[in-house]
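Trainee: Dropping in upload06.cif, which is mmCIF, C-alpha atoms:
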data_upload
loop_
_atom_site.label_atom_id
_atom_site.label_comp_id
_atom_site.auth_asym_id
_atom_site.auth_seq_id
_atom_site.Cartn_x
_atom_site.Cartn_y
_atom_site.Cartn_z
CA MET A 1 -33.47 -3.99 2.12
CA MET A 2 -29.71 -4.59 2.01
CA ILE A 3 -28.81 -8.06 0.71
CA LEU A 4 -25.96 -10.03 2.27
CA SER A 5 -23.79 -11.87 -0.23
CA LYS A 6 -20.94 -14.16 0.77
CA ALA A 7 -17.56 -12.45 0.49
CA ASP A 8 -14.86 -14.13 -1.59
CA ILE A 9 -11.97 -12.43 0.20
CA THR A 10 -11.38 -10.99 3.63
CA THR A 11 -11.03 -7.28 4.36
CA ARG A 12 -7.29 -7.67 5.05
CA GLN A 13 -6.78 -9.04 1.55
CA ALA A 14 -8.99 -6.38 -0.06
CA PHE A 15 -7.06 -3.64 1.73
CA SER A 16 -3.70 -5.09 0.65
CA GLU A 17 -4.82 -5.52 -2.95
CA ARG A 18 -5.66 -1.83 -3.08
CA MET A 19 -2.31 -1.10 -1.38
CA LEU A 20 -0.59 -2.96 -4.20
CA GLU A 21 -2.40 -0.81 -6.77
CA TYR A 22 -1.40 2.35 -4.92
CA GLY A 23 2.25 1.32 -5.12
CA ALA A 24 2.22 2.17 -8.82
CA ILE A 25 0.78 5.62 -8.13
CA ASP A 26 3.08 6.86 -5.35
CA LYS A 27 6.69 5.84 -6.02
CA ASP A 28 7.77 6.99 -2.55
CA PHE A 29 5.14 4.95 -0.72
CA VAL A 30 6.60 2.20 1.49
CA VAL A 31 5.27 -0.73 3.53
CA PHE A 32 6.61 -2.16 6.79
CA GLU A 33 5.71 -5.68 7.91
CA ALA A 34 6.23 -7.53 11.21
CA ASP A 35 6.90 -11.01 9.79
CA ILE A 36 3.31 -12.01 8.94
CA GLY A 37 3.08 -10.72 5.38
CA TYR A 38 1.38 -13.87 4.08
CA SER A 39 -1.34 -13.35 6.67
CA THR A 40 -1.82 -9.59 6.25
CA TYR A 41 -1.36 -10.03 2.49
CA SER A 42 1.25 -7.28 2.48
CA TYR A 43 3.47 -9.79 0.67
CA LEU A 44 1.58 -8.78 -2.50
CA PHE A 45 3.19 -5.36 -2.29
CA GLY A 46 6.54 -6.90 -1.34
CA GLU A 47 6.63 -9.13 -4.41
CA ALA A 48 5.87 -6.20 -6.71
CA TYR A 49 8.06 -3.60 -4.98
CA PRO A 50 10.75 -5.38 -2.95
CA GLU A 51 12.83 -2.22 -2.70
CA ARG A 52 9.95 -0.49 -0.86
CA TYR A 53 8.93 -3.38 1.39
CA PHE A 54 10.59 -3.90 4.76
CA ASN A 55 10.00 -7.08 6.77
CA MET A 56 11.27 -6.22 10.24
CA GLY A 57 10.67 -9.62 11.81
CA ILE A 58 8.78 -10.36 15.02
CA ALA A 59 9.64 -6.96 16.45
CA GLU A 60 6.53 -4.80 16.37
CA SER A 61 7.87 -1.86 18.40
CA ASN A 62 10.94 -1.65 16.19
CA THR A 63 8.72 -1.92 13.12
CA MET A 64 6.67 1.10 14.22
CA ALA A 65 9.75 3.10 15.16
CA ALA A 66 11.35 2.40 11.78
CA ALA A 67 8.10 3.31 10.03
CA ALA A 68 8.13 6.60 11.93
CA GLY A 69 11.64 7.31 10.71
CA MET A 70 10.65 6.74 7.10
CA ALA A 71 7.54 8.91 7.52
CA ALA A 72 9.64 11.67 9.07
CA ASP A 73 11.48 11.78 5.75
CA GLY A 74 8.23 12.77 4.06
CA ARG A 75 6.96 9.41 2.82
CA THR A 76 3.55 7.86 3.37
CA VAL A 77 3.93 4.55 5.20
CA VAL A 78 1.71 1.56 5.93
CA ALA A 79 2.77 -0.57 8.91
CA CYS A 80 1.24 -4.06 9.06
CA SER A 81 0.58 -6.57 11.83
CA TYR A 82 -2.20 -8.08 13.93
CA GLY A 83 -4.30 -5.68 15.95
CA VAL A 84 -3.38 -7.17 19.30
CA PHE A 85 0.32 -6.56 18.63
CA ILE A 86 -0.10 -3.08 17.15
CA SER A 87 -2.36 -1.83 19.93
CA LEU A 88 -0.58 -3.44 22.87
CA ARG A 89 3.00 -4.48 22.16
CA ALA A 90 3.89 -1.48 19.99
CA VAL A 91 1.70 1.24 21.47
CA GLU A 92 4.46 3.26 23.16
CA ALA A 93 6.36 3.61 19.88
CA ILE A 94 3.15 4.57 18.08
CA ARG A 95 2.21 7.13 20.71
CA THR A 96 5.58 8.85 21.00
CA PHE A 97 7.17 8.46 17.56
CA ILE A 98 4.09 8.61 15.29
CA CYS A 99 1.13 10.29 17.00
CA TYR A 100 3.09 12.97 18.86
CA PRO A 101 4.77 14.32 15.69
CA ASN A 102 1.59 13.54 13.67
CA LEU A 103 3.42 11.43 11.08
CA ASN A 104 1.81 9.93 8.00
CA VAL A 105 1.75 6.29 9.10
CA LYS A 106 -1.28 4.10 8.39
CA PHE A 107 -1.81 0.84 10.28
CA LEU A 108 -3.03 -2.30 8.54
CA SER A 109 -4.41 -3.96 11.67
CA SER A 110 -5.66 -7.47 10.93
CA HIS A 111 -7.54 -9.92 13.16
CA GLY A 112 -9.77 -7.32 14.82
CA GLY A 113 -12.01 -8.35 17.70
CA LEU A 114 -13.09 -11.99 17.88
CA THR A 115 -12.79 -12.55 14.11
CA PRO A 116 -9.64 -14.66 14.74
CA ALA A 117 -11.80 -16.91 16.92
CA VAL A 118 -9.87 -20.12 16.28
CA ASP A 119 -6.56 -18.39 17.09
CA GLY A 120 -7.51 -17.73 20.70
CA VAL A 121 -7.03 -14.87 23.12
CA THR A 122 -3.41 -14.13 22.15
CA HIS A 123 -4.59 -13.03 18.69
CA GLN A 124 -8.00 -11.54 19.50
CA ALA A 125 -7.74 -7.74 19.56
CA THR A 126 -10.62 -6.83 21.85
CA GLU A 127 -9.07 -3.73 23.43
CA ASP A 128 -7.68 -2.09 20.27
CA ILE A 129 -10.45 0.47 19.72
CA ALA A 130 -10.18 1.75 23.30
CA ILE A 131 -6.42 2.14 23.05
CA MET A 132 -6.19 3.61 19.56
CA THR A 133 -9.06 6.09 19.95
CA THR A 134 -7.41 7.39 23.12
CA LEU A 135 -4.19 8.36 21.34
CA PRO A 136 -4.22 12.04 20.32
CA LYS A 137 -4.19 12.66 16.53
CA MET A 138 -5.02 9.02 15.73
CA LYS A 139 -7.97 8.34 13.40
CA VAL A 140 -9.71 4.94 13.58
CA LEU A 141 -11.60 3.22 10.76
CA ALA A 142 -13.25 -0.21 10.54
CA PRO A 143 -14.53 -1.39 7.15
CA ALA A 144 -17.12 -4.17 7.08
CA ASP A 145 -16.58 -5.69 3.64
CA THR A 146 -14.50 -5.91 0.47
CA GLU A 147 -15.45 -2.63 -1.20
CA SER A 148 -15.36 -0.59 1.99
CA ALA A 149 -11.89 -1.96 2.80
CA LYS A 150 -10.58 -0.87 -0.60
CA LYS A 151 -12.19 2.55 -0.39
CA ILE A 152 -11.04 3.07 3.18
CA PHE A 153 -7.46 2.44 2.10
CA ASP A 154 -7.80 5.53 -0.10
CA VAL A 155 -9.46 7.49 2.72
CA ALA A 156 -6.56 6.65 5.04
CA ILE A 157 -3.93 7.62 2.48
CA LYS A 158 -5.59 10.99 1.84
CA THR A 159 -5.96 11.74 5.55
CA PRO A 160 -2.97 13.55 7.11
CA GLY A 161 -1.44 11.90 10.17
CA PRO A 162 -1.79 8.43 11.69
CA VAL A 163 -4.78 6.23 10.79
CA PHE A 164 -5.58 2.84 12.33
CA ILE A 165 -7.62 0.50 10.11
CA ARG A 166 -9.22 -2.48 11.84
CA LEU A 167 -9.57 -5.49 9.54
CA MET A 168 -10.91 -9.05 9.90
CA ARG A 169 -9.40 -12.51 9.76
CA ASP A 170 -11.94 -14.33 7.55
CA PRO A 171 -14.29 -13.35 4.71
CA LEU A 172 -17.86 -12.85 5.90
CA TYR A 173 -20.29 -10.90 3.69
CA ASP A 174 -20.36 -8.06 1.17
CA ILE A 175 -22.95 -5.30 1.28
CA TYR A 176 -21.37 -2.30 -0.47
CA SER A 177 -20.90 -1.63 -4.18
CA LYS A 178 -18.20 0.16 -6.15
CA GLU A 179 -20.44 3.23 -6.23
CA ASP A 180 -20.45 3.63 -2.43
CA THR A 181 -18.23 6.36 -1.01
CA PHE A 182 -16.54 6.65 2.38
CA GLU A 183 -14.96 9.49 4.33
CA ILE A 184 -13.40 10.44 7.63
CA ALA A 185 -16.18 11.15 10.16
CA GLY A 186 -18.63 9.34 7.90
CA SER A 187 -21.13 6.54 8.42
CA LYS A 188 -23.71 4.60 6.45
CA THR A 189 -27.35 4.13 7.36
CA ILE A 190 -27.69 0.63 5.95
CA ARG A 191 -31.24 0.05 7.15
CA GLU A 192 -33.88 2.64 7.95
CA GLY A 193 -36.23 2.23 10.88
CA LYS A 194 -38.32 4.16 13.37
CA ASP A 195 -38.30 2.33 16.71
CA LEU A 196 -34.62 2.22 17.72
CA THR A 197 -31.16 3.07 16.37
CA VAL A 198 -28.50 0.35 16.30
CA VAL A 199 -24.92 1.53 15.82
CA THR A 200 -22.18 -0.96 15.05
CA TYR A 201 -19.15 -1.55 12.82
CA GLY A 202 -17.07 -4.28 11.21
CA ASP A 203 -18.24 -7.88 11.51
CA ILE A 204 -21.20 -7.10 13.78
CA VAL A 205 -22.86 -5.12 10.98
CA PHE A 206 -24.00 -8.47 9.56
CA GLN A 207 -25.30 -9.73 12.89
CA ALA A 208 -27.37 -6.55 13.23
CA LEU A 209 -28.83 -6.92 9.74
CA GLU A 210 -29.85 -10.52 10.42
CA ALA A 211 -31.38 -9.53 13.76
CA ALA A 212 -33.32 -6.76 12.02
CA ASP A 213 -34.99 -9.30 9.73
CA GLU A 214 -36.19 -11.29 12.75
CA LEU A 215 -37.35 -8.17 14.60
CA LYS A 216 -39.37 -7.08 11.58
CA LYS A 217 -41.47 -10.23 12.00
CA GLU A 218 -42.47 -8.84 15.40
CA ASN A 219 -43.25 -5.40 13.99
CA ILE A 220 -40.12 -3.82 15.40
CA SER A 221 -38.35 -1.47 13.01
CA ILE A 222 -34.69 -0.73 13.76
CA GLU A 223 -32.39 1.72 12.03
CA ILE A 224 -28.84 0.41 11.56
CA ILE A 225 -25.82 2.69 11.21
CA ASP A 226 -22.48 1.29 10.11
CA MET A 227 -20.18 3.65 12.04
CA TYR A 228 -17.12 2.70 9.99
CA SER A 229 -15.39 5.92 11.05
CA ILE A 230 -15.03 5.34 14.78
CA LYS A 231 -12.79 8.30 15.47
CA PRO A 232 -13.97 10.83 14.54
CA PHE A 233 -17.53 9.54 14.37
CA ASP A 234 -20.47 10.91 12.40
CA LYS A 235 -22.24 13.15 14.89
CA LYS A 236 -24.75 14.52 12.39
CA ASN A 237 -26.06 11.16 11.23
CA LEU A 238 -26.21 9.87 14.80
CA LEU A 239 -28.20 12.89 16.01
CA ASN A 240 -30.58 12.71 13.05
CA SER A 241 -31.27 9.05 13.74
CA ILE A 242 -31.75 9.18 17.52
CA SER A 243 -33.89 12.32 17.18
CA LYS A 244 -36.24 10.12 15.19
CA THR A 245 -36.06 6.88 17.20
CA GLU A 246 -35.39 8.27 20.72
CA ALA A 247 -33.36 5.15 21.55
CA LEU A 248 -29.76 4.07 20.92
CA PHE A 249 -28.21 0.62 21.14
CA VAL A 250 -24.49 0.14 20.39
CA VAL A 251 -23.08 -3.34 19.81
CA GLU A 252 -19.45 -4.05 19.00
CA ASP A 253 -16.88 -6.81 18.77
CA HIS A 254 -14.74 -5.26 21.49
CA GLN A 255 -14.64 -4.87 25.22
CA LYS A 256 -17.79 -3.16 26.43
CA ARG A 257 -15.65 -0.82 28.50
CA ASN A 258 -14.13 2.18 26.68
CA GLY A 259 -15.34 1.16 23.22
CA LEU A 260 -17.60 3.03 20.80
CA GLY A 261 -20.55 2.45 23.12
CA TYR A 262 -18.91 4.45 25.89
CA GLU A 263 -18.02 7.23 23.47
CA LEU A 264 -21.54 7.52 22.06
CA SER A 265 -23.24 7.32 25.45
CA ASN A 266 -21.10 10.21 26.65
CA PHE A 267 -21.95 12.19 23.53
CA CYS A 268 -25.68 11.55 23.89
CA LEU A 269 -25.68 12.44 27.58
CA LYS A 270 -24.28 15.85 26.70
CA ASN A 271 -26.20 16.50 23.47
CA LYS A 272 -29.32 14.34 23.15
CA PRO A 273 -30.22 12.10 26.11
CA VAL A 274 -32.10 9.03 24.90
CA LEU A 275 -32.80 5.50 26.07
CA PHE A 276 -29.43 3.72 25.78
CA ASP A 277 -27.73 0.36 26.13
CA ASN A 278 -24.70 -1.39 24.67
CA LEU A 279 -23.25 -4.84 24.16
CA GLY A 280 -19.63 -5.96 23.99
CA LEU A 281 -17.34 -8.28 25.86
CA ASN A 282 -18.24 -7.81 29.51
CA ASP A 283 -14.84 -7.43 31.22
CA THR A 284 -13.67 -10.80 29.98
CA PHE A 285 -11.34 -12.52 27.56
CA ALA A 286 -12.88 -14.95 25.10
CA GLU A 287 -11.43 -18.31 24.01
CA SER A 288 -10.55 -20.36 20.95
CA GLY A 289 -13.37 -21.81 18.86
CA ASN A 290 -15.76 -21.39 15.96
CA TYR A 291 -16.38 -17.69 15.22
CA TYR A 292 -20.18 -17.89 15.34
CA LYS A 293 -20.18 -19.92 18.54
CA ILE A 294 -17.70 -17.53 20.17
CA ILE A 295 -19.63 -14.34 19.41
CA ASP A 296 -22.79 -16.03 20.64
CA LYS A 297 -21.19 -17.21 23.89
CA TYR A 298 -19.79 -13.75 24.58
CA GLY A 299 -23.00 -11.90 23.91
CA ILE A 300 -22.65 -10.06 20.58
CA SER A 301 -24.44 -12.36 18.12
CA LYS A 302 -27.73 -11.70 16.33
CA LYS A 303 -29.58 -13.59 19.09
CA HIS A 304 -28.30 -11.19 21.75
CA ILE A 305 -29.00 -8.17 19.55
CA PHE A 306 -32.56 -9.41 19.00
CA ASN A 307 -33.16 -9.92 22.73
CA LYS A 308 -31.62 -6.60 23.78
CA VAL A 309 -33.61 -4.64 21.21
CA LYS A 310 -36.85 -6.24 22.44
CA GLU A 311 -35.90 -5.34 26.01
CA LEU A 312 -35.22 -1.72 25.05
CA ILE A 313 -38.43 -1.42 23.06
CA TYR A 314 -40.33 -2.72 26.08
CA LYS A 315 -38.74 0.01 28.21
CA LYS A 316 -39.36 2.66 25.57
CA ARG A 317 -43.02 1.79 25.48
CA GLY A 318 -43.32 2.11 29.23
CA GLY A 319 -43.26 -1.58 29.94
CA LYS A 320 -46.16 -2.32 27.61
#
Mind turning the file's structure into structure tokens?
Mentor:
Amino acid sequence: MMILSKADITTRQAFSERMLEYGAIDKDFVVFEADIGYSTYSYLFGEAYPERYFNMGIAESNTMAAAAGMAADGRTVVACSYGVFISLRAVEAIRTFICYPNLNVKFLSSHGGLTPAVDGVTHQATEDIAIMTTLPKMKVLAPADTESAKKIFDVAIKTPGPVFIRLMRDPLYDIYSKEDTFEIAGSKTIREGKDLTVVTYGDIVFQALEAADELKKENISIEIIDMYSIKPFDKKNLLNSISKTEALFVVEDHQKRNGLGYELSNFCLKNKPVLFDNLGLNDTFAESGNYYKIIDKYGISKKHIFNKVKELIYKKRGGK
């Protein structure tokens, strides 16, 4: 059983701390920031390497265009901001100037999903996965904890072309160790089970693990996959799991429409039809408030996972 331990730092800080370390390895590596360096923690790199750190102000489209220009010169670039601004305000520049020429720009995208609960709708990136996975040549990763955030920095750097990394506002839990490895198109089966497969990523990994403990008390065994590589996703592990459980449930801190759930349902329909359902924000914005209260109100907390799994198991067993 995987043990949840309280995280000391958030994934955005872990990612930036590894970025700082990488600055000593690649002398041509540069970082662009859109005026929130003390929030993304990119300021750590800026203090150590001011000549390779560019704060472009509150001008996200210009930030991405400038990052593209530096990458076109052969450098690896990380561009930093909040997910809602990267995926919405700056998306045309990312599409045309970075994805189209397949430039080596990586996106430190903080405040993913409802993790910035207290900041309200203006800062809650609940459409970012849909937008970024739709862009040709873009890869999308979402680490759940400290170690995965650090390791995924390295994965992004080693991966040619643009990579979007979805990070969280606040520290939640840690589940991975320094020995764990991560890769593009990879995933982690963090709990084995036989009755139903739950696929999730980021902050909802912890909600799924807590729900699994409660379901076990009712003799329901769920398998949980942390699909940290959202695009491309791990087809092999998914097929192996649903071939065993014959049921798939996807839950994500994102709009229900056009998220990972839609992608996996389409894949299963074509390759391995199984009992399916998904949870996410149901065509709605959220609001400002306590993180745990917000995810519960909008249907993606452990309580909702627990109830939906029981409903699916009931259907799987023919209503018995």
Trainee: Apply the PyMOL selection byres ((chain A and resi 204-208) around 10) to the structure shown and report the selected residues as a ChimeraX atom specification.
Mentor: /A:4,143-145,172-175,190-191,198-203,209-213,222-228,251-253,292,295,300-306
Trainee: Determine the residue membership of the PyMOL selection byres ((chain A and resi 85) around 9) for the file above and supply it as a PyMOL selection string.
Mentor: chain A and resi 60-61+81-84+86-91+109+123+125
Trainee: Could you check how far atom CA of Leu238 of chain A sits from atom CA of Tyr262 of chain A, in Å to one decimal?
Mentor: 14.3 Å
Trainee: Rank nothing, just name the residue among A:Thr189, A:Thr146, A:Ala156, A:Ser39 nearest to Ser177 of chain A, using only C-alpha atoms.
Mentor: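 Distance minimum relative to Ser177 of chain A lands on A:Thr146.
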Trainee: Fewer than 2 positions away in the same chain doesn't count, so skip those; otherwise give me all residues within 7 Å of segment 12-21 of chain A, counting all atoms listed in the file, as an MDAnalysis selection string.
Mentor: chainID A and resid 9:10 23:24 40:42 44:45 110 146 149:150 153 167:168
Trainee: Output the residue selection produced by the PyMOL selection byres ((chain A and resi 264-274) around 8) on the file above, formatted as a PyMOL selection string.
Mentor: chain A and resi 239+242-243+246-248+260-263+275-276
Trainee: For Asn307 of chain A, which residue among A:Pro116, A:Ser229, A:Leu279, A:Ala65 is the nearest when counting all atoms listed in the file?
Mentor: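 Counting all atoms listed in the file, the residue closest to Asn307 of chain A is A:Leu279.
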Trainee: What is the atom CA of Gly259 of chain A-atom CA of Asp234 of chain A distance in Å, reported with one decimal?
Mentor: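 Here the two named atoms are 15.4 Å from each other.
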Trainee: With all atoms listed in the file as the basis for distance, which of A:Tyr176, A:Phe249, A:Phe233, A:Tyr314 is at the shortest distance from Ile220 of chain A?
Mentor: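 Closest to Ile220 of chain A, using all atoms listed in the file: A:Tyr314.
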Trainee: Using all atoms listed in the file for the distances, tell me which of A:Lys137, A:His254, A:His111, A:Lys297 is nearest to Arg95 of chain A.
Mentor: A:Lys137
Trainee: Considering all atoms listed in the file, state which residue in the set A:Arg166, A:Lys293, A:Arg75, A:Arg257 is at the smallest distance from Leu281 of chain A.
Mentor: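 Of A:Arg166, A:Lys293, A:Arg75, A:Arg257, the one nearest Leu281 of chain A, counting all atoms listed in the file, is A:Arg257.
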Trainee: Work out how far atom CA of Gln255 of chain A is from atom CA of Thr126 of chain A, in Å to one decimal.
Mentor: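 Pair atom CA of Thr126 of chain A / atom CA of Gln255 of chain A returns 5.6 Å.
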Trainee: Calculated over only C-alpha atoms, which of the candidates A:Leu114, A:Lys188, A:Pro162, A:Ile58 has the smallest distance to Pro101 of chain A?
Mentor: A:Pro162
Trainee: So for segment 178-188 of chain A, what box centre and size do we get, axis-aligned, 3 Å extra on each of the six sides, every listed atom, Å to one decimal, as AutoDock Vina command-line options?
Mentor:
--center_x -18.6 --center_y 5.7 --center_z 2.0 --size_x 16.3 --size_y 17.0 --size_z 22.4
